[in-house]
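Undergrad: My questions all concern the structure below.
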Amino acid sequence: MEKKQCAFRTSIGGQALIEGILMRGPEKQAIVVRSQDGLVTKVEELKLIRDKYPILGLPVLRGAVTFLSSMVNGVKALMFSADYFPDDDLAQPGKLDLWLEEHVPAEKVQGVIVWVSVLLSLGLSLGLFMLLPTFLAGLVDPWIHSAALHNLIEGLVKIVIFMGYMILVSKQKDVARVFQYHGAEHKTIFCYEAGLDLTVENARIQPKHHPRCGTSFLFVVIIVSILFSSLVLTQVEWRNIWVRVLVHLALLIPVVGVTYEFNRWVGRHDNALTRVLSAPGLWLQNFTTNEPDEAMLEVAIEALKLVIPEEKGKDEW
């Protein structure tokens with residue numbers, strides 16, 4: 001196992017799917033799924049909205065745009081992978097399904113489903129990690145006389161709910177296998193960044209926790225939101241629950257944007273400070289990444305190879 005001349009940090013990232021992996025590079029994204037008939041691949045050229053609207057590529061703004069784009073692409077990729085593993089092959093389509101197939105183009109139906117799924121996901125996330133903590137923290141307001149203390153309590157509630165959600169999800173049998181693909185994605189990217197040949201043997205020995213992981217991103221979002229809220233809520237009527245909700249909604253874009261820039265910075269550097277700052281997020285990946293088998297590593301390697309740019313170094317941070 002001979003290491004090549006230099007190692008680097010790549011901008012390529014991925015997402016675990018149902019028996020597959022989505023990899024996204026600077027020019028293309030690839031989905032590779034292991035179906036009953038073998039590997040199924042889908043490669044698409046990336047069309048970035050910031051190419052059309054350069055202002056959306058500015059720091060902070062690009063974070064919110066990238067987050068939304070990743071959600072849409074992720075839902076599409078999950079739908080693609082799920083098509084190869086139906087829950088019930090014998091299930092008959094309902095009347096609504098038949099009517100849609102007959103009267104509405106499949107592309108439009110898929111588009112509607114994708115956006116409904118994204119909106120439901122955003123709604124669930126906001127409800128679970130913003131509205132619920134805000135409501136629960138409001139229950140102790142009669143005994144709280146400081147905006148800073150209130151925000152600390154609300155922040156702790158957010159962290160507890162997030163941790164509980166991660167632990168609960170990790171215990172699900174079907175999800176555990178998806179988390180194995182998550183581990184395969186990380187190991188393969190580490191292997192590529194180390195300058196090693198993309199083989200199962202080389203990928204297997206790599207770490208399964210990566211500093212640019214989505215799990216780390218979500219945890220940092222919570223921490224950044226606590227810090228931002230601590231600054232803003234001291235300037236408003238913080239005892240009013242609707243004011244607090246509006247403040248949290250208004251801070252969504254800057255919170256996601258700053259977190260994105262933080263993850264980029266951590267992803268580019270490896271020193272004592274970045275290791276300390278990324279440690280909590282890496283620890284949380286114990287709940288969202290499992291050790292993959294060889295077949296999963298093969299899928300991850302194939303997906304990564306499909307998005308490596310022809311121009312050497314174009315994917316370097």
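Starting from 1 in every chain, residues are counted up; chains themselves are A, B, ... following the order of the structure tokens, and ligands are numbered from 1 as listed.
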Skipping near chain neighbours, those fewer than 3 positions away, what residues fall within 9 Å of A:Ile226 using only C-alpha atoms, listed as a list in words?

TA: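 Residues near the query, excluding close chain neighbours: Asn151, Leu152, Glu154, Gly155, Val221, Ile222, Ile223, Ser229, Ser230 and Leu231 of chain A.
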
Undergrad: Can I get the selection written as a short mmCIF file (atom, residue, chain, number, x, y, z; two decimals), in the first residue's frame, with all heavy atoms?

TA:
data_model
loop_
_atom_site.label_atom_id
_atom_site.label_comp_id
_atom_site.auth_asym_id
_atom_site.auth_seq_id
_atom_site.Cartn_x
_atom_site.Cartn_y
_atom_site.Cartn_z
N ASN A 151 -31.99 31.71 27.47
CA ASN A 151 -31.41 31.18 26.23
C ASN A 151 -30.53 29.97 26.50
O ASN A 151 -30.46 29.04 25.69
CB ASN A 151 -30.61 32.27 25.52
CG ASN A 151 -30.43 31.98 24.05
OD1 ASN A 151 -31.41 31.87 23.32
ND2 ASN A 151 -29.19 31.82 23.62
N LEU A 152 -29.84 29.98 27.63
CA LEU A 152 -29.02 28.83 28.01
C LEU A 152 -29.90 27.60 28.22
O LEU A 152 -29.58 26.50 27.74
CB LEU A 152 -28.23 29.14 29.27
CG LEU A 152 -27.39 27.99 29.84
CD1 LEU A 152 -26.34 27.55 28.84
CD2 LEU A 152 -26.74 28.40 31.16
N GLU A 154 -32.90 27.09 26.96
CA GLU A 154 -33.44 26.69 25.66
C GLU A 154 -32.39 25.96 24.83
O GLU A 154 -32.70 24.98 24.14
CB GLU A 154 -33.94 27.92 24.91
CG GLU A 154 -34.63 27.60 23.59
CD GLU A 154 -35.24 28.82 22.93
OE1 GLU A 154 -35.66 29.73 23.66
OE2 GLU A 154 -35.30 28.85 21.69
N GLY A 155 -31.15 26.43 24.91
CA GLY A 155 -30.07 25.77 24.18
C GLY A 155 -29.83 24.35 24.68
O GLY A 155 -29.62 23.43 23.88
N VAL A 221 -24.81 23.92 13.83
CA VAL A 221 -25.95 24.81 13.62
C VAL A 221 -26.62 25.12 14.95
O VAL A 221 -26.98 26.28 15.24
CB VAL A 221 -26.97 24.18 12.64
CG1 VAL A 221 -28.33 24.88 12.75
CG2 VAL A 221 -26.47 24.28 11.22
N ILE A 222 -26.82 24.11 15.79
CA ILE A 222 -27.46 24.31 17.09
C ILE A 222 -26.61 25.22 17.97
O ILE A 222 -27.11 26.16 18.60
CB ILE A 222 -27.70 22.96 17.78
CG1 ILE A 222 -28.77 22.17 17.02
CG2 ILE A 222 -28.13 23.15 19.23
CD1 ILE A 222 -29.01 20.78 17.55
N ILE A 223 -25.30 24.98 18.00
CA ILE A 223 -24.41 25.80 18.83
C ILE A 223 -24.39 27.25 18.35
O ILE A 223 -24.49 28.19 19.15
CB ILE A 223 -22.99 25.22 18.83
CG1 ILE A 223 -22.99 23.78 19.38
CG2 ILE A 223 -22.04 26.10 19.65
CD1 ILE A 223 -23.54 23.65 20.78
N SER A 229 -28.69 33.69 19.20
CA SER A 229 -29.89 34.02 19.97
C SER A 229 -29.53 34.76 21.25
O SER A 229 -30.26 35.66 21.69
CB SER A 229 -30.66 32.75 20.31
OG SER A 229 -31.08 32.09 19.14
N SER A 230 -28.41 34.37 21.87
CA SER A 230 -27.98 35.03 23.10
C SER A 230 -27.73 36.51 22.87
O SER A 230 -27.98 37.34 23.75
CB SER A 230 -26.71 34.36 23.64
OG SER A 230 -26.95 33.02 23.97
N LEU A 231 -27.25 36.86 21.68
CA LEU A 231 -26.98 38.26 21.37
C LEU A 231 -28.26 39.03 21.04
O LEU A 231 -28.45 40.16 21.49
CB LEU A 231 -26.01 38.35 20.19
CG LEU A 231 -24.60 37.80 20.42
CD1 LEU A 231 -23.80 37.83 19.12
CD2 LEU A 231 -23.87 38.61 21.50
#

Undergrad: Between A:Val140, A:Val200, A:Val258, A:Leu277, which residue has the minimum interatomic distance to A:Phe228, considering only C-alpha atoms?

TA: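 Of A:Val140, A:Val200, A:Val258, A:Leu277, the one nearest A:Phe228, counting only C-alpha atoms, is A:Val258.
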
Undergrad: Closest to A:Leu284 among A:Thr10, A:Thr215, A:Ser35, A:Thr66, using only C-alpha atoms?

TA: A:Thr215

Undergrad: For A:Val220, which residue among A:Ala272, A:Val256, A:Val116, A:Leu136 is the nearest when counting only C-alpha atoms?

TA: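 Ranked by minimum distance to A:Val220, first place goes to A:Val256.
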
Undergrad: Counting only C-alpha atoms, which of A:Leu149, A:Leu218, A:Val307, A:Leu78 gets nearest to A:Leu46?

TA: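 For A:Leu46, the nearest of the candidates is A:Val307.
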
Undergrad: For the alpha helix (DSSP H) assignment from backbone DSSP, which residues of stretch 170-316 of chain A qualify? Please present them as a PyMOL selection string.

TA: chain A and resi 170+173-193+200-204+214-232+241-250+252-268+272-284+294-307
